[in-house]
Structures are given as structure tokens and as C-alpha cells.
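Text of start-v3.tsv, listed as TSV, C-alpha atoms:
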```
chain	number	residue	atom	x	y	z
A	661	MET	CA	44.34	191.34	24.60
A	662	LYS	CA	45.53	194.34	26.62
A	663	LYS	CA	49.08	193.85	25.34
A	664	THR	CA	47.89	193.71	21.73
A	665	ILE	CA	45.91	196.93	22.12
A	666	ILE	CA	48.90	198.72	23.69
A	667	ILE	CA	51.22	197.57	20.90
A	668	THR	CA	48.70	198.57	18.21
A	669	LEU	CA	48.07	202.00	19.75
A	670	SER	CA	51.80	202.53	20.17
A	671	LEU	CA	52.41	201.72	16.52
A	672	ILE	CA	49.62	203.98	15.26
A	673	ALA	CA	50.63	206.87	17.52
A	674	PHE	CA	54.31	206.38	16.62
A	675	LEU	CA	53.45	206.65	12.92
A	676	ILE	CA	51.32	209.76	13.44
A	677	SER	CA	54.01	211.36	15.63
A	678	SER	CA	56.59	210.59	12.93
A	679	TYR	CA	54.36	212.15	10.30
A	680	LEU	CA	53.94	215.28	12.43
A	681	TYR	CA	57.65	215.47	13.14
A	682	PHE	CA	58.88	215.04	9.57
A	683	GLN	CA	56.09	216.95	7.81
A	684	GLY	CA	55.81	219.59	10.50
A	685	LYS	CA	54.01	222.67	9.33
A	686	ASN	CA	53.50	221.28	5.82
A	687	ILE	CA	50.71	218.86	6.73
A	688	SER	CA	47.25	219.12	5.32
A	689	CYS	CA	44.49	219.16	7.89
A	690	ALA	CA	40.72	219.33	7.54
A	691	LEU	CA	40.76	222.46	9.64
A	692	ASN	CA	43.47	225.06	10.05
A	693	GLY	CA	44.05	223.96	13.65
A	694	CYS	CA	46.98	221.66	12.90
A	695	ASN	CA	49.22	224.40	11.56
A	696	ASN	CA	48.34	226.72	14.43
A	697	VAL	CA	48.92	224.05	17.08
A	698	LEU	CA	52.15	222.76	15.55
A	699	SER	CA	53.62	226.24	15.17
A	700	SER	CA	52.60	227.45	18.64
A	701	PRO	CA	55.10	227.97	21.46
A	702	TYR	CA	53.50	224.95	23.17
A	703	SER	CA	54.66	222.59	20.40
A	704	LYS	CA	58.05	222.23	22.10
A	705	ILE	CA	59.30	221.64	25.60
A	706	PHE	CA	62.92	222.44	26.44
A	707	ASN	CA	63.34	223.08	22.70
A	708	ILE	CA	62.40	219.47	21.92
A	709	ASP	CA	59.49	218.99	19.53
A	710	ASN	CA	56.47	217.28	21.11
A	711	SER	CA	56.28	215.04	18.04
A	712	LEU	CA	59.79	213.76	18.71
A	713	LEU	CA	58.86	213.11	22.34
A	714	GLY	CA	55.80	211.23	21.11
A	715	MET	CA	57.85	209.13	18.72
A	716	SER	CA	60.22	208.21	21.55
A	717	TYR	CA	57.47	207.45	24.04
A	718	PHE	CA	55.39	205.29	21.71
A	719	PHE	CA	58.42	203.37	20.46
A	720	ILE	CA	59.50	202.65	24.03
A	721	SER	CA	55.98	201.81	25.22
A	722	GLY	CA	55.46	199.37	22.34
A	723	LEU	CA	58.83	197.77	23.04
A	724	LEU	CA	58.13	197.50	26.77
A	725	ALA	CA	54.76	195.87	26.03
A	726	ILE	CA	56.43	193.36	23.72
A	727	ILE	CA	59.11	192.38	26.28
A	728	ASN	CA	56.60	192.36	29.19
A	729	LYS	CA	58.11	195.13	31.31
A	730	GLU	CA	54.80	196.26	32.79
A	731	ASN	CA	56.19	198.12	35.81
A	732	ILE	CA	58.40	200.36	33.67
A	733	LEU	CA	55.54	200.88	31.22
A	734	LYS	CA	53.22	201.87	34.09
A	735	PHE	CA	55.77	204.39	35.30
A	736	ILE	CA	56.36	206.14	31.98
A	737	SER	CA	52.71	205.93	30.92
A	738	PHE	CA	51.74	207.90	34.02
A	739	PHE	CA	53.90	210.85	32.93
A	740	ALA	CA	52.74	210.54	29.33
A	741	PHE	CA	49.14	210.60	30.60
A	742	LEU	CA	49.74	213.83	32.52
A	743	TYR	CA	51.51	215.45	29.58
A	744	ALA	CA	48.75	214.38	27.17
A	745	LEU	CA	46.12	215.93	29.45
A	746	TYR	CA	48.17	219.12	29.55
A	747	LEU	CA	48.46	219.23	25.75
A	748	ILE	CA	44.74	218.66	25.30
A	749	PHE	CA	44.06	221.45	27.79
A	750	VAL	CA	46.40	223.76	25.84
A	751	MET	CA	44.68	222.95	22.54
A	752	LEU	CA	41.15	223.44	23.86
A	753	PHE	CA	41.47	226.31	26.31
A	754	ILE	CA	44.61	228.28	25.48
A	755	LEU	CA	45.07	227.96	21.71
A	756	LYS	CA	41.37	227.26	21.09
A	757	GLU	CA	42.42	225.18	18.08
A	758	ILE	CA	42.29	221.44	17.54
A	759	CYS	CA	44.84	219.38	15.68
A	760	TYR	CA	43.15	216.04	15.09
A	761	TYR	CA	46.46	214.25	14.56
A	762	CYS	CA	47.70	215.58	17.90
A	763	LEU	CA	44.43	214.61	19.54
A	764	ILE	CA	44.74	211.01	18.33
A	765	VAL	CA	48.28	210.84	19.73
A	766	ASP	CA	47.22	212.33	23.07
A	767	LEU	CA	44.22	210.03	23.38
A	768	SER	CA	46.47	207.05	22.58
A	769	ALA	CA	48.74	207.99	25.49
A	770	ILE	CA	45.72	208.28	27.78
A	771	ILE	CA	44.32	204.90	26.69
A	772	ILE	CA	47.70	203.22	27.18
A	773	PHE	CA	47.81	204.63	30.71
A	774	VAL	CA	44.29	203.40	31.50
A	775	LEU	CA	45.05	199.93	30.13
A	776	ASN	CA	48.17	199.66	32.29
A	777	TYR	CA	46.34	200.23	35.55
A	778	ASP	CA	43.58	197.93	36.73
A	779	PHE	CA	41.08	200.50	37.92
A	780	ARG	CA	38.39	197.85	38.48
A	781	LYS	CA	39.81	196.93	41.87
A	782	TYR	CA	39.74	200.59	42.96
A	783	PHE	CA	36.15	201.01	41.85
A	784	GLN	CA	35.17	197.80	43.62
A	785	LYS	CA	36.65	199.13	46.87
A	786	ILE	CA	34.80	202.43	46.48
A	787	PHE	CA	31.40	200.98	45.65
A	788	ARG	CA	31.51	198.00	48.02
A	789	GLY	CA	32.57	200.15	50.93
```

Please, can you express the file's structure as C-alpha cells?
Amino acid sequence: MKKTIIITLSLIAFLISSYLYFQGKNISCALNGCNNVLSSPYSKIFNIDNSLLGMSYFFISGLLAIINKENILKFISFFAFLYALYLIFVMLFILKEICYYCLIVDLSAIIIFVLNYDFRKYFQKIFRG
């Protein structure tokens, strides 16, 4: 079940990242936030478009889930989780604009991270003493 969810989220987020990468500033969004977010200085890191990074990450994460390489997937999903949190922070508190496509991609990265780690055992240790 977990594997199926990771593969499905990876596929959806890969497609959205591809759409953002290839359509760029020409996308239509319910609000004006998408254009502002995608054209901001935060839309790239080391001159690499965040959408291209997303495409790469979600392709690799889906592939790793298919071939059962959980340890590698855990490792890269941790960094994707941190970067997704950073991008959400930038959207909400610095740009004060929301791109819903970007938000779906970021939330997908966060969910993939959470699914990769079994947090139940940590919570059991905390609450059982």
C-alpha cells in the first residue's frame, strides 16, 4: 500500500513539475500567485529551475519505490522534505503568494518523506515512556 501511494504521488508530482517546467510563466492559475512564485528569484537554485529539480526527484523516487531501494529513497526524501518546507515557507512568508501547483508538488514530497519513515515506533517510545 505504502509503495503504491509513493509511486502514485511521484507520478502526479512528476507530471505537475513537468507542466511547470515546460509551461513556465505561461500557465493559467486561479490566482495570480503562480506567475509571481514561478518568476521570483526563489524559483531557481544554483541557476537550476525548481521544477526541473522536482521532475528529477519524483522520477527517481518513483523508480526507487518500484525497485525496492528504500534506504536510498529515505535518504533523498529527507532532503526533498527539507527543501519542500523551505519552499512553502518562502511562498507563505516571503513572497506572500501561493502557487497551488507548487504547493501540491511540495506536499507530495512531504508525504513521501513521512511514508518512508515509520514514525509510529517513535511515538510509541515517547508516549509509553

May I have a table of the residues of region 731-760 of chain A lying at most 8 Å from region 776-787 of chain A, giving each one's closest pair of atoms and their distance in Å to one decimal, counting all atoms listed in the file, ordered by chain and ascending residue number, as CSV?
```
residue,atom,partner,partner_atom,distance
A:Leu733,CA,A:Asn776,CA,7.5
A:Lys734,CA,A:Asn776,CA,5.8
A:Ser737,CA,A:Asn776,CA,7.9
```

Edge lengths and centre, in Å to one decimal, as lines of an AutoDock Vina configuration file: that's what I need for the box along x, y and z that holds all listed atoms of region 713-721 of chain A plus 3 Å on each side.
```
center_x = 57.8
center_y = 207.5
center_z = 22.0
size_x = 10.8
size_y = 17.3
size_z = 12.5
```

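Residue nearest Leu669 (chain A) within the list A:Leu747, A:Ile754, A:Phe719, A:Glu730: A:Phe719 [criterion: smallest interatomic distance, only C-alpha atoms].
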
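Nearest residue to Tyr717 (chain A), choosing from A:Val697, A:Ile666, A:Leu763, A:Ala740 and counting all atoms listed in the file: A:Ala740.
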
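Distance annotation: of A:Phe741, A:Ile687, A:Asn695, A:Pro701, the residue with the minimal separation from Ile771 (chain A) is A:Phe741; atom set is all atoms listed in the file.
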
With distances taken over all atoms listed in the file, the candidate from A:Ala725, A:Asp766, A:Asn686, A:Leu698 nearest Tyr746 (chain A) is A:Asp766

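Shortest separation to Ser677 (chain A) among A:Asn728, A:Ser716, A:Ser711, A:Ser768 occurs at residue A:Ser711, atoms counted being only C-alpha atoms.
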
For Ser699 (chain A), work out the shell of residues within 10 Å, counting all atoms listed in the file and skipping chain neighbours fewer than 5 positions away, then give it as a ChimeraX atom specification.
/A:684-685,693-694,704

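The interatomic distance for the pair CA of Tyr743 (chain A) and CA of Ala673 (chain A) works out to 14.8 Å.
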
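Of the listed residues (A:Phe706, A:Val774, A:Leu742, A:Ile726), A:Ile726 comes nearest to Thr664 (chain A); the distances count all atoms listed in the file.
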
Pairwise distance, CA of Ile665 (chain A) with CA of Ile758 (chain A), equals 25.2 Å

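CA of Tyr681 (chain A) sits 20.2 Å away from CA of Ile770 (chain A).
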